[in-house]
Protein chains: 2
Amino acid sequence: MSVKKFATEIRREQIAQAAVELIASQGMKGFNMAGLARQVGVAPSAIYHHFKNKDEVIEAVLDHLQNRLLGNVRSVLSMTPHPLDQLKQLLAAHVELVVGHSAMPRILFSEDIYGGKSEHRSRLKDIIMRYISELASIFRQGQQVRSIRPELDPEALAVMFLGLLQPTAILWHLSDGEFDAKKQVEKGWSIFAEAIRP
Amino acid sequence: MSVKKFATEIRREQIAQAAVELIASQGMKGFNMAGLARQVGVAPSAIYHHFKNKDEVIEAVLDHLQNRLLGNVRSVLSMTPHPLDQLKQLLAAHVELVVGHSAMPRILFSEDIYGGKSEHRSRLKDIIMRYISELASIFRQGQQVRSIRPELDPEALAVMFLGLLQPTAILWHLSDGEFDAKKQVEKGWSIFAEAIRP
DNA sequence: CCCTCAACTGAATGTATATTCACATTAGCT
DNA sequence: AGCTAATGTGAATATACATTCAGTTGAGGG
């Protein structure tokens, strides 16, 4: 059989990428080593040359997720100087991420991670906490330039900000894309934005 | 062996109750027929005299969940006449539900339902939609008595309301109860409440 | 070109789980 | 008490996985 071989460095990347796609389309429930191997185009046992086990693949997926999230933040920060605009754009980017490529919520809502191995849990917690801390620093920035009321707790605002998206994402998923996530988030944002203005 | 027998009507209730407790403590991942049977005190095969299969047990759990949620709503509605007070108390009750007895988020975030059998998905969607519609009618009530700005979309407000709790619940779980859910929700509510006041 | 080693294969193993079935036991009616 | 149908049991079956391993193959340096 003519089977192409790749350096493990390359394969790891291919496998991680395939895992993200698989989770995005099938969810954690339908994510298994055989399916992953098929997606990559190798035998299941080949995966084990590049990853110790399934958990390690999941780790790689979480890394990918974190890079994606923080990448969003960095990219938005560089696009506009106004904290409120940054937040609005971040929200839009976040919606795109959830609606276009649903790996994130599927991982977030998955018990394999959420209620599974404690290492994955704390890894996921770190990712969310870091994201919240990035958000909080944008809110703080906004307070310094007097665009946001100074007495509000930036961390609490960051958590609220996530709340603008999260139930929306769930509804969007449960309704098979019928629920208008974009409109909901826009309405939520306009109420939220006005509430935090001085 | 002296094994007590029960009418199927009673057993169904016992089994459903045990299932809810099991899911609350172990999550969907650790919820299996053998464990359920052990919790009830019967052999695994006995379950099948009362439920066709695991899916039917899950149905019963979802029923339980729905009753609990709508029960919260009805009880709060009868306790105070002011829509804003009703909402505040509902939020508190919701926090209690999530923090005290974590079956709800564990089910909500579980792929077994979220990404599983489409009947479960639409069942879950119905539950959430009904809850949202109850919330929306409270918001509408508030608009009628001029406690809430009339131009805001009640359904959108209902979804936002859920957003006050949901990321908080996730953080609470991921941090093993360390994150102060109550305080976060209070802060979120006070910002939200002020934002929707005329 | 060929040799070596990392990359790969296919089959085997082990485990966890839902579900079924032939048989046993209990509750409750007459 | 004795009968009967509902309720329960234990063992067997089936499936879906992750993971391992002995051997095979291809790519790149000598």
# chains A, B, ... in the order shown; residues from 1 in each chain; ligands from 1
$ interface_residues --of "chain B" --to "chain D" --cutoff "8 Å" --atoms "only C-alpha atoms (C1' of nucleotides)" --output "ChimeraX atom specification"
/B:3,5-7,42-43,45-46,49
$ write_last_selection --atoms "all heavy atoms" --output "PDB file, in the first residue's frame"
ATOM      1  N   VAL B   3     -35.705  -9.960  48.674  1.00  0.00           N
ATOM      2  CA  VAL B   3     -35.715  -8.746  47.871  1.00  0.00           C
ATOM      3  C   VAL B   3     -37.123  -8.168  47.829  1.00  0.00           C
ATOM      4  O   VAL B   3     -38.065  -8.825  47.407  1.00  0.00           O
ATOM      5  CB  VAL B   3     -35.268  -9.059  46.426  1.00  0.00           C
ATOM      6  CG1 VAL B   3     -35.249  -7.774  45.625  1.00  0.00           C
ATOM      7  CG2 VAL B   3     -33.915  -9.718  46.430  1.00  0.00           C
ATOM      8  N   LYS B   5     -40.237  -6.153  46.602  1.00  0.00           N
ATOM      9  CA  LYS B   5     -40.753  -5.812  45.275  1.00  0.00           C
ATOM     10  C   LYS B   5     -41.701  -4.620  45.372  1.00  0.00           C
ATOM     11  O   LYS B   5     -42.384  -4.436  46.378  1.00  0.00           O
ATOM     12  CB  LYS B   5     -41.491  -7.020  44.684  1.00  0.00           C
ATOM     13  CG  LYS B   5     -40.564  -8.169  44.358  1.00  0.00           C
ATOM     14  CD  LYS B   5     -41.255  -9.257  43.561  1.00  0.00           C
ATOM     15  CE  LYS B   5     -40.267 -10.357  43.213  1.00  0.00           C
ATOM     16  NZ  LYS B   5     -40.884 -11.443  42.433  1.00  0.00           N
ATOM     17  N   PHE B   6     -41.719  -3.837  44.321  1.00  0.00           N
ATOM     18  CA  PHE B   6     -42.581  -2.659  44.297  1.00  0.00           C
ATOM     19  C   PHE B   6     -43.402  -2.629  43.016  1.00  0.00           C
ATOM     20  O   PHE B   6     -42.977  -3.168  41.991  1.00  0.00           O
ATOM     21  CB  PHE B   6     -41.751  -1.386  44.379  1.00  0.00           C
ATOM     22  CG  PHE B   6     -41.109  -1.160  45.714  1.00  0.00           C
ATOM     23  CD1 PHE B   6     -39.826  -1.614  45.970  1.00  0.00           C
ATOM     24  CD2 PHE B   6     -41.784  -0.486  46.717  1.00  0.00           C
ATOM     25  CE1 PHE B   6     -39.227  -1.410  47.200  1.00  0.00           C
ATOM     26  CE2 PHE B   6     -41.194  -0.263  47.943  1.00  0.00           C
ATOM     27  CZ  PHE B   6     -39.908  -0.734  48.190  1.00  0.00           C
ATOM     28  N   ALA B   7     -44.541  -1.999  43.086  1.00  0.00           N
ATOM     29  CA  ALA B   7     -45.327  -1.784  41.880  1.00  0.00           C
ATOM     30  C   ALA B   7     -44.526  -0.915  40.926  1.00  0.00           C
ATOM     31  O   ALA B   7     -43.742  -0.065  41.361  1.00  0.00           O
ATOM     32  CB  ALA B   7     -46.650  -1.116  42.221  1.00  0.00           C
ATOM     33  N   VAL B  42     -31.304  -2.828  43.062  1.00  0.00           N
ATOM     34  CA  VAL B  42     -31.795  -3.978  42.297  1.00  0.00           C
ATOM     35  C   VAL B  42     -30.733  -4.392  41.279  1.00  0.00           C
ATOM     36  O   VAL B  42     -29.708  -3.732  41.157  1.00  0.00           O
ATOM     37  CB  VAL B  42     -33.098  -3.637  41.535  1.00  0.00           C
ATOM     38  CG1 VAL B  42     -34.214  -3.286  42.496  1.00  0.00           C
ATOM     39  CG2 VAL B  42     -32.864  -2.500  40.545  1.00  0.00           C
ATOM     40  N   ALA B  43     -30.991  -5.472  40.583  1.00  0.00           N
ATOM     41  CA  ALA B  43     -30.087  -5.903  39.527  1.00  0.00           C
ATOM     42  C   ALA B  43     -30.328  -5.038  38.283  1.00  0.00           C
ATOM     43  O   ALA B  43     -31.440  -4.539  38.080  1.00  0.00           O
ATOM     44  CB  ALA B  43     -30.322  -7.356  39.188  1.00  0.00           C
ATOM     45  N   SER B  45     -30.797  -5.700  35.281  1.00  0.00           N
ATOM     46  CA  SER B  45     -31.876  -6.147  34.389  1.00  0.00           C
ATOM     47  C   SER B  45     -33.261  -5.742  34.891  1.00  0.00           C
ATOM     48  O   SER B  45     -34.210  -5.661  34.111  1.00  0.00           O
ATOM     49  CB  SER B  45     -31.810  -7.655  34.209  1.00  0.00           C
ATOM     50  OG  SER B  45     -31.708  -8.302  35.456  1.00  0.00           O
ATOM     51  N   ALA B  46     -33.368  -5.503  36.189  1.00  0.00           N
ATOM     52  CA  ALA B  46     -34.680  -5.145  36.751  1.00  0.00           C
ATOM     53  C   ALA B  46     -35.167  -3.797  36.219  1.00  0.00           C
ATOM     54  O   ALA B  46     -36.376  -3.579  36.066  1.00  0.00           O
ATOM     55  CB  ALA B  46     -34.604  -5.110  38.269  1.00  0.00           C
ATOM     56  N   HIS B  49     -37.682  -3.721  33.446  1.00  0.00           N
ATOM     57  CA  HIS B  49     -39.106  -4.005  33.636  1.00  0.00           C
ATOM     58  C   HIS B  49     -39.905  -2.713  33.728  1.00  0.00           C
ATOM     59  O   HIS B  49     -41.111  -2.716  33.546  1.00  0.00           O
ATOM     60  CB  HIS B  49     -39.319  -4.821  34.906  1.00  0.00           C
ATOM     61  CG  HIS B  49     -39.099  -6.273  34.708  1.00  0.00           C
ATOM     62  ND1 HIS B  49     -40.093  -7.147  34.354  1.00  0.00           N
ATOM     63  CD2 HIS B  49     -37.961  -7.010  34.771  1.00  0.00           C
ATOM     64  CE1 HIS B  49     -39.591  -8.363  34.240  1.00  0.00           C
ATOM     65  NE2 HIS B  49     -38.294  -8.305  34.491  1.00  0.00           N
TER      66      HIS B  49
END
$ select_by_dssp --residues "stretch 43-195 of chain B" --states "helix (DSSP H, G or I)" --output "PyMOL selection string"
chain B and resi 44-47+54-79+83-100+103-108+111-114+118-144+154-174+181-195
$ closest_atom_pairs --of "chain A" --to "chain B" --cutoff "10 Å" --atoms "only C-alpha atoms" --output "tab-separated table"
residue	atom	partner	partner_atom	distance
A:Gln26	CA	B:Gly115	CA	7.9
A:Gly27	CA	B:Gly115	CA	6.5
A:Met28	CA	B:Glu111	CA	7.1
A:Lys29	CA	B:Glu111	CA	6.2
A:Gly30	CA	B:Gly115	CA	8.9
A:Pro105	CA	B:Phe109	CA	9.4
A:Arg106	CA	B:Glu111	CA	7.8
A:Ile107	CA	B:Glu111	CA	9.3
A:Leu108	CA	B:Phe109	CA	8.0
A:Phe109	CA	B:Phe109	CA	4.4
A:Ser110	CA	B:Ser110	CA	5.6
A:Glu111	CA	B:Ser110	CA	5.6
A:Asp112	CA	B:Lys29	CA	7.1
A:Ile113	CA	B:Leu174	CA	10.0
A:Tyr114	CA	B:Leu174	CA	7.2
A:Gly115	CA	B:Gly27	CA	6.5
A:Gly116	CA	B:Lys29	CA	7.7
A:Ser118	CA	B:Leu174	CA	9.5
A:Arg121	CA	B:Leu174	CA	6.4
A:Ser122	CA	B:Leu174	CA	7.1
A:Arg123	CA	B:Leu174	CA	9.7
A:Leu124	CA	B:Leu174	CA	7.9
A:Lys125	CA	B:Leu174	CA	5.9
A:Asp126	CA	B:Leu174	CA	9.5
A:Ile128	CA	B:Leu171	CA	8.3
A:Met129	CA	B:Leu171	CA	8.6
A:Leu152	CA	B:Lys187	CA	8.6
A:Asp153	CA	B:Lys187	CA	8.3
A:Glu155	CA	B:Gln184	CA	9.1
A:Ala156	CA	B:Gln184	CA	6.1
A:Leu157	CA	B:Gly188	CA	7.5
A:Val159	CA	B:Pro167	CA	6.5
A:Met160	CA	B:Leu164	CA	6.1
A:Phe161	CA	B:Gly163	CA	8.6
A:Leu162	CA	B:Pro167	CA	6.5
A:Gly163	CA	B:Gly163	CA	3.9
A:Leu164	CA	B:Gly163	CA	5.7
A:Leu165	CA	B:Gly163	CA	7.4
A:Gln166	CA	B:Gly163	CA	6.4
A:Pro167	CA	B:Gly163	CA	5.7
A:Thr168	CA	B:Val159	CA	7.0
A:Ile170	CA	B:Tyr114	CA	8.8
A:Leu171	CA	B:Lys125	CA	7.4
A:His173	CA	B:Tyr114	CA	8.4
A:Leu174	CA	B:Lys125	CA	5.9
A:Ser175	CA	B:Lys125	CA	7.2
A:Asp176	CA	B:Arg121	CA	9.9
A:Lys183	CA	B:Ala156	CA	9.1
A:Gln184	CA	B:Ala156	CA	6.1
A:Val185	CA	B:Ala156	CA	8.7
A:Glu186	CA	B:Ala156	CA	9.8
A:Lys187	CA	B:Ala156	CA	6.9
A:Gly188	CA	B:Met160	CA	6.4
A:Trp189	CA	B:Met160	CA	9.6
A:Ile191	CA	B:Ala195	CA	6.6
A:Phe192	CA	B:Ala195	CA	7.2
A:Ala193	CA	B:Ala195	CA	9.2
A:Glu194	CA	B:Ala195	CA	7.1
A:Ala195	CA	B:Ala195	CA	4.8
A:Ile196	CA	B:Ile191	CA	7.6
$ closest_residue --among "B:Ile47, B:Val20, B:Ala93, B:Leu84" --to "chain C" --atoms "only C-alpha atoms (C1' of nucleotides)"
B:Ile47
$ interface_residues --of "chain C" --to "chain B" --cutoff "8 Å" --atoms "only C-alpha atoms (C1' of nucleotides)" --output "number ranges by chain"
C: 17-18, 26-27
